[in-house]
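**Q** Dropping in coords23.pdb, with PDB, C-alpha atoms, pLDDT in the B column.
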```pdb
ATOM      1  CA  GLN A   1       9.723 105.595 141.712  1.00 85.00           C
ATOM      2  CA  VAL A   2      13.094 104.007 140.944  1.00 93.00           C
ATOM      3  CA  GLN A   3      15.302 102.376 143.527  1.00 96.00           C
ATOM      4  CA  LEU A   4      18.987 102.093 142.751  1.00 97.00           C
ATOM      5  CA  VAL A   5      21.397  99.842 144.625  1.00 98.00           C
ATOM      6  CA  GLU A   6      25.131 100.067 144.061  1.00 98.00           C
ATOM      7  CA  SER A   7      27.639  97.336 144.814  1.00 98.00           C
ATOM      8  CA  GLY A   8      31.257  96.481 144.178  1.00 98.00           C
ATOM      9  CA  GLY A   9      33.068  99.149 146.147  1.00 98.00           C
ATOM     10  CA  ASP A  10      36.212  98.014 147.927  1.00 97.00           C
ATOM     11  CA  LEU A  11      39.748  98.830 148.986  1.00 98.00           C
ATOM     12  CA  VAL A  12      42.159  98.380 146.099  1.00 98.00           C
ATOM     13  CA  GLN A  13      45.817  99.183 145.475  1.00 98.00           C
ATOM     14  CA  PRO A  14      46.862 101.835 142.978  1.00 98.00           C
ATOM     15  CA  GLY A  15      46.875 100.391 139.485  1.00 98.00           C
ATOM     16  CA  GLY A  16      44.215  97.874 140.378  1.00 98.00           C
ATOM     17  CA  SER A  17      40.713  97.378 139.002  1.00 98.00           C
ATOM     18  CA  LEU A  18      37.172  97.330 140.332  1.00 98.00           C
ATOM     19  CA  ARG A  19      33.795  96.780 138.774  1.00 98.00           C
ATOM     20  CA  LEU A  20      30.843  98.646 140.216  1.00 98.00           C
ATOM     21  CA  SER A  21      27.283  97.547 139.567  1.00 98.00           C
ATOM     22  CA  CYS A  22      23.998  99.368 139.869  1.00 98.00           C
ATOM     23  CA  ALA A  23      20.723  97.439 140.015  1.00 98.00           C
ATOM     24  CA  ALA A  24      17.489  99.307 139.341  1.00 97.00           C
ATOM     25  CA  SER A  25      13.995  98.358 140.416  1.00 96.00           C
ATOM     26  CA  THR A  26      11.754  99.694 137.697  1.00 88.00           C
ATOM     27  CA  GLY A  27       9.792  98.240 134.866  1.00 86.00           C
ATOM     28  CA  THR A  28      10.844 101.048 132.548  1.00 92.00           C
ATOM     29  CA  PHE A  29      14.609 100.928 132.988  1.00 93.00           C
ATOM     30  CA  SER A  30      15.251 101.331 129.278  1.00 93.00           C
ATOM     31  CA  ARG A  31      13.731 104.826 129.374  1.00 94.00           C
ATOM     32  CA  TYR A  32      16.312 106.164 131.794  1.00 96.00           C
ATOM     33  CA  TYR A  33      19.653 107.803 131.339  1.00 96.00           C
ATOM     34  CA  ILE A  34      22.009 106.344 133.934  1.00 97.00           C
ATOM     35  CA  GLY A  35      25.050 107.973 135.430  1.00 97.00           C
ATOM     36  CA  TRP A  36      27.841 107.290 137.871  1.00 98.00           C
ATOM     37  CA  PHE A  37      28.853 110.135 140.129  1.00 98.00           C
ATOM     38  CA  ARG A  38      31.411 110.333 142.896  1.00 98.00           C
ATOM     39  CA  GLN A  39      32.121 112.512 145.865  1.00 98.00           C
ATOM     40  CA  ALA A  40      35.312 112.583 147.854  1.00 96.00           C
ATOM     41  CA  PRO A  41      35.562 114.156 151.319  1.00 92.00           C
ATOM     42  CA  GLY A  42      35.738 117.920 151.058  1.00 94.00           C
ATOM     43  CA  LYS A  43      35.120 117.905 147.319  1.00 95.00           C
ATOM     44  CA  GLU A  44      32.137 118.573 145.107  1.00 95.00           C
ATOM     45  CA  ARG A  45      30.222 115.774 143.491  1.00 96.00           C
ATOM     46  CA  GLU A  46      31.611 114.868 140.079  1.00 96.00           C
ATOM     47  CA  GLY A  47      29.878 113.209 137.170  1.00 97.00           C
ATOM     48  CA  VAL A  48      32.136 110.299 136.228  1.00 98.00           C
ATOM     49  CA  SER A  49      30.301 108.605 133.381  1.00 98.00           C
ATOM     50  CA  CYS A  50      26.804 108.611 131.932  1.00 98.00           C
ATOM     51  CA  ILE A  51      25.019 106.453 129.374  1.00 97.00           C
ATOM     52  CA  SER A  52      21.913 106.948 127.255  1.00 95.00           C
ATOM     53  CA  PRO A  53      18.899 104.606 127.430  1.00 93.00           C
ATOM     54  CA  ARG A  54      19.896 102.437 124.464  1.00 88.00           C
ATOM     55  CA  SER A  55      23.661 102.702 125.053  1.00 83.00           C
ATOM     56  CA  GLY A  56      24.064 104.818 121.943  1.00 85.00           C
ATOM     57  CA  SER A  57      25.832 107.626 123.750  1.00 94.00           C
ATOM     58  CA  THR A  58      28.287 107.713 126.601  1.00 97.00           C
ATOM     59  CA  TYR A  59      30.153 110.441 128.415  1.00 97.00           C
ATOM     60  CA  TYR A  60      33.304 110.232 130.508  1.00 98.00           C
ATOM     61  CA  ALA A  61      34.893 112.875 132.663  1.00 97.00           C
ATOM     62  CA  ASP A  62      38.384 113.762 131.503  1.00 97.00           C
ATOM     63  CA  SER A  63      39.764 112.436 134.772  1.00 97.00           C
ATOM     64  CA  VAL A  64      38.630 108.880 133.973  1.00 98.00           C
ATOM     65  CA  LYS A  65      38.653 108.780 130.190  1.00 98.00           C
ATOM     66  CA  GLY A  66      40.528 105.739 128.913  1.00 98.00           C
ATOM     67  CA  ARG A  67      40.429 104.022 132.300  1.00 98.00           C
ATOM     68  CA  PHE A  68      36.715 103.602 133.063  1.00 98.00           C
ATOM     69  CA  THR A  69      34.022 101.942 130.936  1.00 98.00           C
ATOM     70  CA  ILE A  70      30.276 102.178 131.458  1.00 98.00           C
ATOM     71  CA  ASN A  71      27.851  99.557 130.170  1.00 97.00           C
ATOM     72  CA  ARG A  72      24.224  98.736 130.707  1.00 97.00           C
ATOM     73  CA  ASP A  73      22.055  95.663 130.326  1.00 96.00           C
ATOM     74  CA  ASN A  74      18.442  96.721 129.893  1.00 96.00           C
ATOM     75  CA  ALA A  75      17.248  93.117 130.090  1.00 95.00           C
ATOM     76  CA  LYS A  76      18.703  92.842 133.580  1.00 96.00           C
ATOM     77  CA  ASN A  77      18.111  96.439 134.724  1.00 97.00           C
ATOM     78  CA  THR A  78      21.774  96.881 135.530  1.00 97.00           C
ATOM     79  CA  VAL A  79      24.579  99.300 134.770  1.00 97.00           C
ATOM     80  CA  SER A  80      28.232  98.610 135.408  1.00 98.00           C
ATOM     81  CA  LEU A  81      31.306 100.772 135.704  1.00 98.00           C
ATOM     82  CA  GLN A  82      34.569  98.984 134.985  1.00 98.00           C
ATOM     83  CA  MET A  83      37.402 100.918 136.577  1.00 98.00           C
ATOM     84  CA  ASN A  84      40.978 100.132 135.599  1.00 98.00           C
ATOM     85  CA  SER A  85      44.339 101.684 136.449  1.00 98.00           C
ATOM     86  CA  LEU A  86      42.871 103.117 139.619  1.00 98.00           C
ATOM     87  CA  LYS A  87      44.580 106.051 141.274  1.00 98.00           C
ATOM     88  CA  PRO A  88      44.413 107.345 144.843  1.00 97.00           C
ATOM     89  CA  GLU A  89      42.482 110.350 143.544  1.00 97.00           C
ATOM     90  CA  ASP A  90      39.696 107.981 142.454  1.00 98.00           C
ATOM     91  CA  THR A  91      38.913 107.410 146.126  1.00 98.00           C
ATOM     92  CA  ALA A  92      35.335 108.489 146.762  1.00 98.00           C
ATOM     93  CA  VAL A  93      31.800 107.338 147.382  1.00 98.00           C
ATOM     94  CA  TYR A  94      30.357 106.356 144.023  1.00 98.00           C
ATOM     95  CA  PHE A  95      26.667 106.908 143.346  1.00 98.00           C
ATOM     96  CA  CYS A  96      24.406 105.586 140.647  1.00 98.00           C
ATOM     97  CA  ALA A  97      21.709 107.930 139.376  1.00 98.00           C
ATOM     98  CA  ALA A  98      18.827 107.750 136.922  1.00 97.00           C
ATOM     99  CA  GLY A  99      16.894 110.350 135.014  1.00 95.00           C
ATOM    100  CA  ILE A 100      14.580 110.781 132.046  1.00 92.00           C
ATOM    101  CA  LEU A 101      16.008 113.474 129.816  1.00 87.00           C
ATOM    102  CA  LEU A 102      13.841 114.760 127.008  1.00 84.00           C
ATOM    103  CA  THR A 103      16.149 117.244 125.318  1.00 83.00           C
ATOM    104  CA  SER A 104      19.404 116.950 127.214  1.00 87.00           C
ATOM    105  CA  THR A 105      22.473 114.832 126.516  1.00 91.00           C
ATOM    106  CA  VAL A 106      24.567 112.352 128.458  1.00 94.00           C
ATOM    107  CA  GLN A 107      27.089 115.123 128.943  1.00 94.00           C
ATOM    108  CA  ASP A 108      24.372 117.322 130.411  1.00 93.00           C
ATOM    109  CA  MET A 109      23.431 114.574 132.822  1.00 94.00           C
ATOM    110  CA  CYS A 110      26.965 114.148 134.074  1.00 95.00           C
ATOM    111  CA  VAL A 111      28.046 117.772 134.142  1.00 93.00           C
ATOM    112  CA  LYS A 112      24.816 119.151 135.589  1.00 93.00           C
ATOM    113  CA  ALA A 113      23.875 116.099 137.698  1.00 92.00           C
ATOM    114  CA  MET A 114      20.506 115.894 135.975  1.00 92.00           C
ATOM    115  CA  ALA A 115      18.986 112.920 137.750  1.00 94.00           C
ATOM    116  CA  ASN A 116      15.704 112.181 139.450  1.00 94.00           C
ATOM    117  CA  TYR A 117      16.794 109.182 141.482  1.00 96.00           C
ATOM    118  CA  TRP A 118      19.963 108.398 143.399  1.00 97.00           C
ATOM    119  CA  GLY A 119      21.383 105.340 145.068  1.00 97.00           C
ATOM    120  CA  GLN A 120      22.966 105.240 148.513  1.00 97.00           C
ATOM    121  CA  GLY A 121      26.506 104.935 147.225  1.00 97.00           C
ATOM    122  CA  THR A 122      29.396 102.504 147.501  1.00 98.00           C
ATOM    123  CA  GLN A 123      32.842 103.343 148.860  1.00 98.00           C
ATOM    124  CA  VAL A 124      35.890 102.997 146.645  1.00 98.00           C
ATOM    125  CA  THR A 125      39.258 103.432 148.320  1.00 98.00           C
ATOM    126  CA  VAL A 126      42.484 103.329 146.341  1.00 98.00           C
ATOM    127  CA  SER A 127      45.443 103.050 148.649  1.00 97.00           C
ATOM    128  CA  SER A 128      48.577 101.043 149.169  1.00 96.00           C
TER     129      SER A 128
END
```
Show this structure as structure tokens.
**A**
Amino acid sequence: QVQLVESGGDLVQPGGSLRLSCAASTGTFSRYYIGWFRQAPGKEREGVSCISPRSGSTYYADSVKGRFTINRDNAKNTVSLQMNSLKPEDTAVYFCAAGILLTSTVQDMCVKAMANYWGQGTQVTVSS
């Protein structure tokens, strides 16, 4: 069982930055692929960014590429999502998710939402 707790969501003006964090309670964090997903009202859940267990591979949705950066610290059981140049369309609840993928890729995790565990989410609102 893995518990994931997100933090860092806030109200920010367009063009601003936020850093989301996800803390995991597991002794085997380094085995898990970790992803950030978001869901806006009336829209489907979207895989924003995913990272492999040893940080060797990352995936970004086209909508955030060049603006968001995912990183993980296996020693601290944390994953962060640095979000820059935020736009109103980035407004959503952001979820952290974890999964053990044997033959799939980080892109698979994000595109197909291949995760076993999900956090409760943190609200990001981009508005002037």
**Q** So which one's closest to Ser127 of chain A, A:Ser49, A:Ser57, A:Asn84, A:Thr91? Using all atoms listed in the file, please.
**A**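 Selected residue with least distance to Ser127 of chain A: A:Thr91.
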**Q** When the PyMOL selection byres ((chain A and resi 108) around 12) is applied to the file above, which residues end up in the set, as a ChimeraX atom specification?
**A** /A:33-35,47-52,57-61,99-107,109-115
**Q** Give as a PDB file with C-alpha atoms, keeping the file's coordinate frame the residues that the PyMOL selection byres ((chain A and resi 88) around 12) matches when applied to the coordinates above.
**A**
```
ATOM      1  CA  LEU A  11      39.748  98.830 148.986  1.00 98.00           C
ATOM      2  CA  VAL A  12      42.159  98.380 146.099  1.00 98.00           C
ATOM      3  CA  GLN A  13      45.817  99.183 145.475  1.00 98.00           C
ATOM      4  CA  PRO A  14      46.862 101.835 142.978  1.00 98.00           C
ATOM      5  CA  GLY A  15      46.875 100.391 139.485  1.00 98.00           C
ATOM      6  CA  GLY A  16      44.215  97.874 140.378  1.00 98.00           C
ATOM      7  CA  ALA A  40      35.312 112.583 147.854  1.00 96.00           C
ATOM      8  CA  SER A  85      44.339 101.684 136.449  1.00 98.00           C
ATOM      9  CA  LEU A  86      42.871 103.117 139.619  1.00 98.00           C
ATOM     10  CA  LYS A  87      44.580 106.051 141.274  1.00 98.00           C
ATOM     11  CA  GLU A  89      42.482 110.350 143.544  1.00 97.00           C
ATOM     12  CA  ASP A  90      39.696 107.981 142.454  1.00 98.00           C
ATOM     13  CA  THR A  91      38.913 107.410 146.126  1.00 98.00           C
ATOM     14  CA  ALA A  92      35.335 108.489 146.762  1.00 98.00           C
ATOM     15  CA  VAL A 124      35.890 102.997 146.645  1.00 98.00           C
ATOM     16  CA  THR A 125      39.258 103.432 148.320  1.00 98.00           C
ATOM     17  CA  VAL A 126      42.484 103.329 146.341  1.00 98.00           C
ATOM     18  CA  SER A 127      45.443 103.050 148.649  1.00 97.00           C
ATOM     19  CA  SER A 128      48.577 101.043 149.169  1.00 96.00           C
TER      20      SER A 128
END
```
**Q** Would you kindly translate the PyMOL selection byres ((chain A and resi 26) around 10) into the concrete residues it picks from this file, as number ranges by chain?
**A** A: 1-4, 23-25, 27-32, 77
**Q** Can I get the selection written as a PDB file, keeping the file's coordinate frame, with C-alpha atoms?
**A**
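Full text of part-v8.pdb as output:
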```pdb
ATOM      1  CA  GLN A   1       9.723 105.595 141.712  1.00 85.00           C
ATOM      2  CA  VAL A   2      13.094 104.007 140.944  1.00 93.00           C
ATOM      3  CA  GLN A   3      15.302 102.376 143.527  1.00 96.00           C
ATOM      4  CA  LEU A   4      18.987 102.093 142.751  1.00 97.00           C
ATOM      5  CA  ALA A  23      20.723  97.439 140.015  1.00 98.00           C
ATOM      6  CA  ALA A  24      17.489  99.307 139.341  1.00 97.00           C
ATOM      7  CA  SER A  25      13.995  98.358 140.416  1.00 96.00           C
ATOM      8  CA  GLY A  27       9.792  98.240 134.866  1.00 86.00           C
ATOM      9  CA  THR A  28      10.844 101.048 132.548  1.00 92.00           C
ATOM     10  CA  PHE A  29      14.609 100.928 132.988  1.00 93.00           C
ATOM     11  CA  SER A  30      15.251 101.331 129.278  1.00 93.00           C
ATOM     12  CA  ARG A  31      13.731 104.826 129.374  1.00 94.00           C
ATOM     13  CA  TYR A  32      16.312 106.164 131.794  1.00 96.00           C
ATOM     14  CA  ASN A  77      18.111  96.439 134.724  1.00 97.00           C
TER      15      ASN A  77
END
```
**Q** In Å, how far is it from atom CA of Gly56 of chain A to atom CA of Ser80 of chain A?
**A** 15.4 Å
**Q** Nearest to Arg72 of chain A among A:Arg45, A:Cys22, A:Ala97, A:Gln120, with distances taken over only C-alpha atoms: which residue is it?
**A** A:Cys22
**Q** Around all the atoms of segment 76-95 of chain A listed in the file, draw an axis-aligned box and extend it by 3 Å on each of the six sides; I want its centre and edge lengths in Å to one decimal, as AutoDock Vina command-line options.
**A**
```
--center_x 31.3 --center_y 101.6 --center_z 140.5 --size_x 32.5 --size_y 23.5 --size_z 19.8
```
**Q** Could you jot down the atom CA of Tyr94 of chain A to atom CA of Leu18 of chain A separation for me, Å, one decimal place?
**A** 11.9 Å
**Q** If you measure from atom CA of Val79 of chain A to atom CA of Glu44 of chain A, what distance in Å do you get, rounded to one decimal?
**A** 23.1 Å
**Q** Under the rule that all atoms listed in the file are counted, which of A:Tyr117, A:Phe95, A:Lys65, A:Asn74 is the nearest residue to Gln39 of chain A?
**A** A:Phe95
**Q** Could you check the closest approach to Ser7 of chain A for each of A:Thr78, A:Gly119, A:Phe68, A:Leu20 and tell me which residue wins, using all atoms listed in the file?
**A** A:Leu20
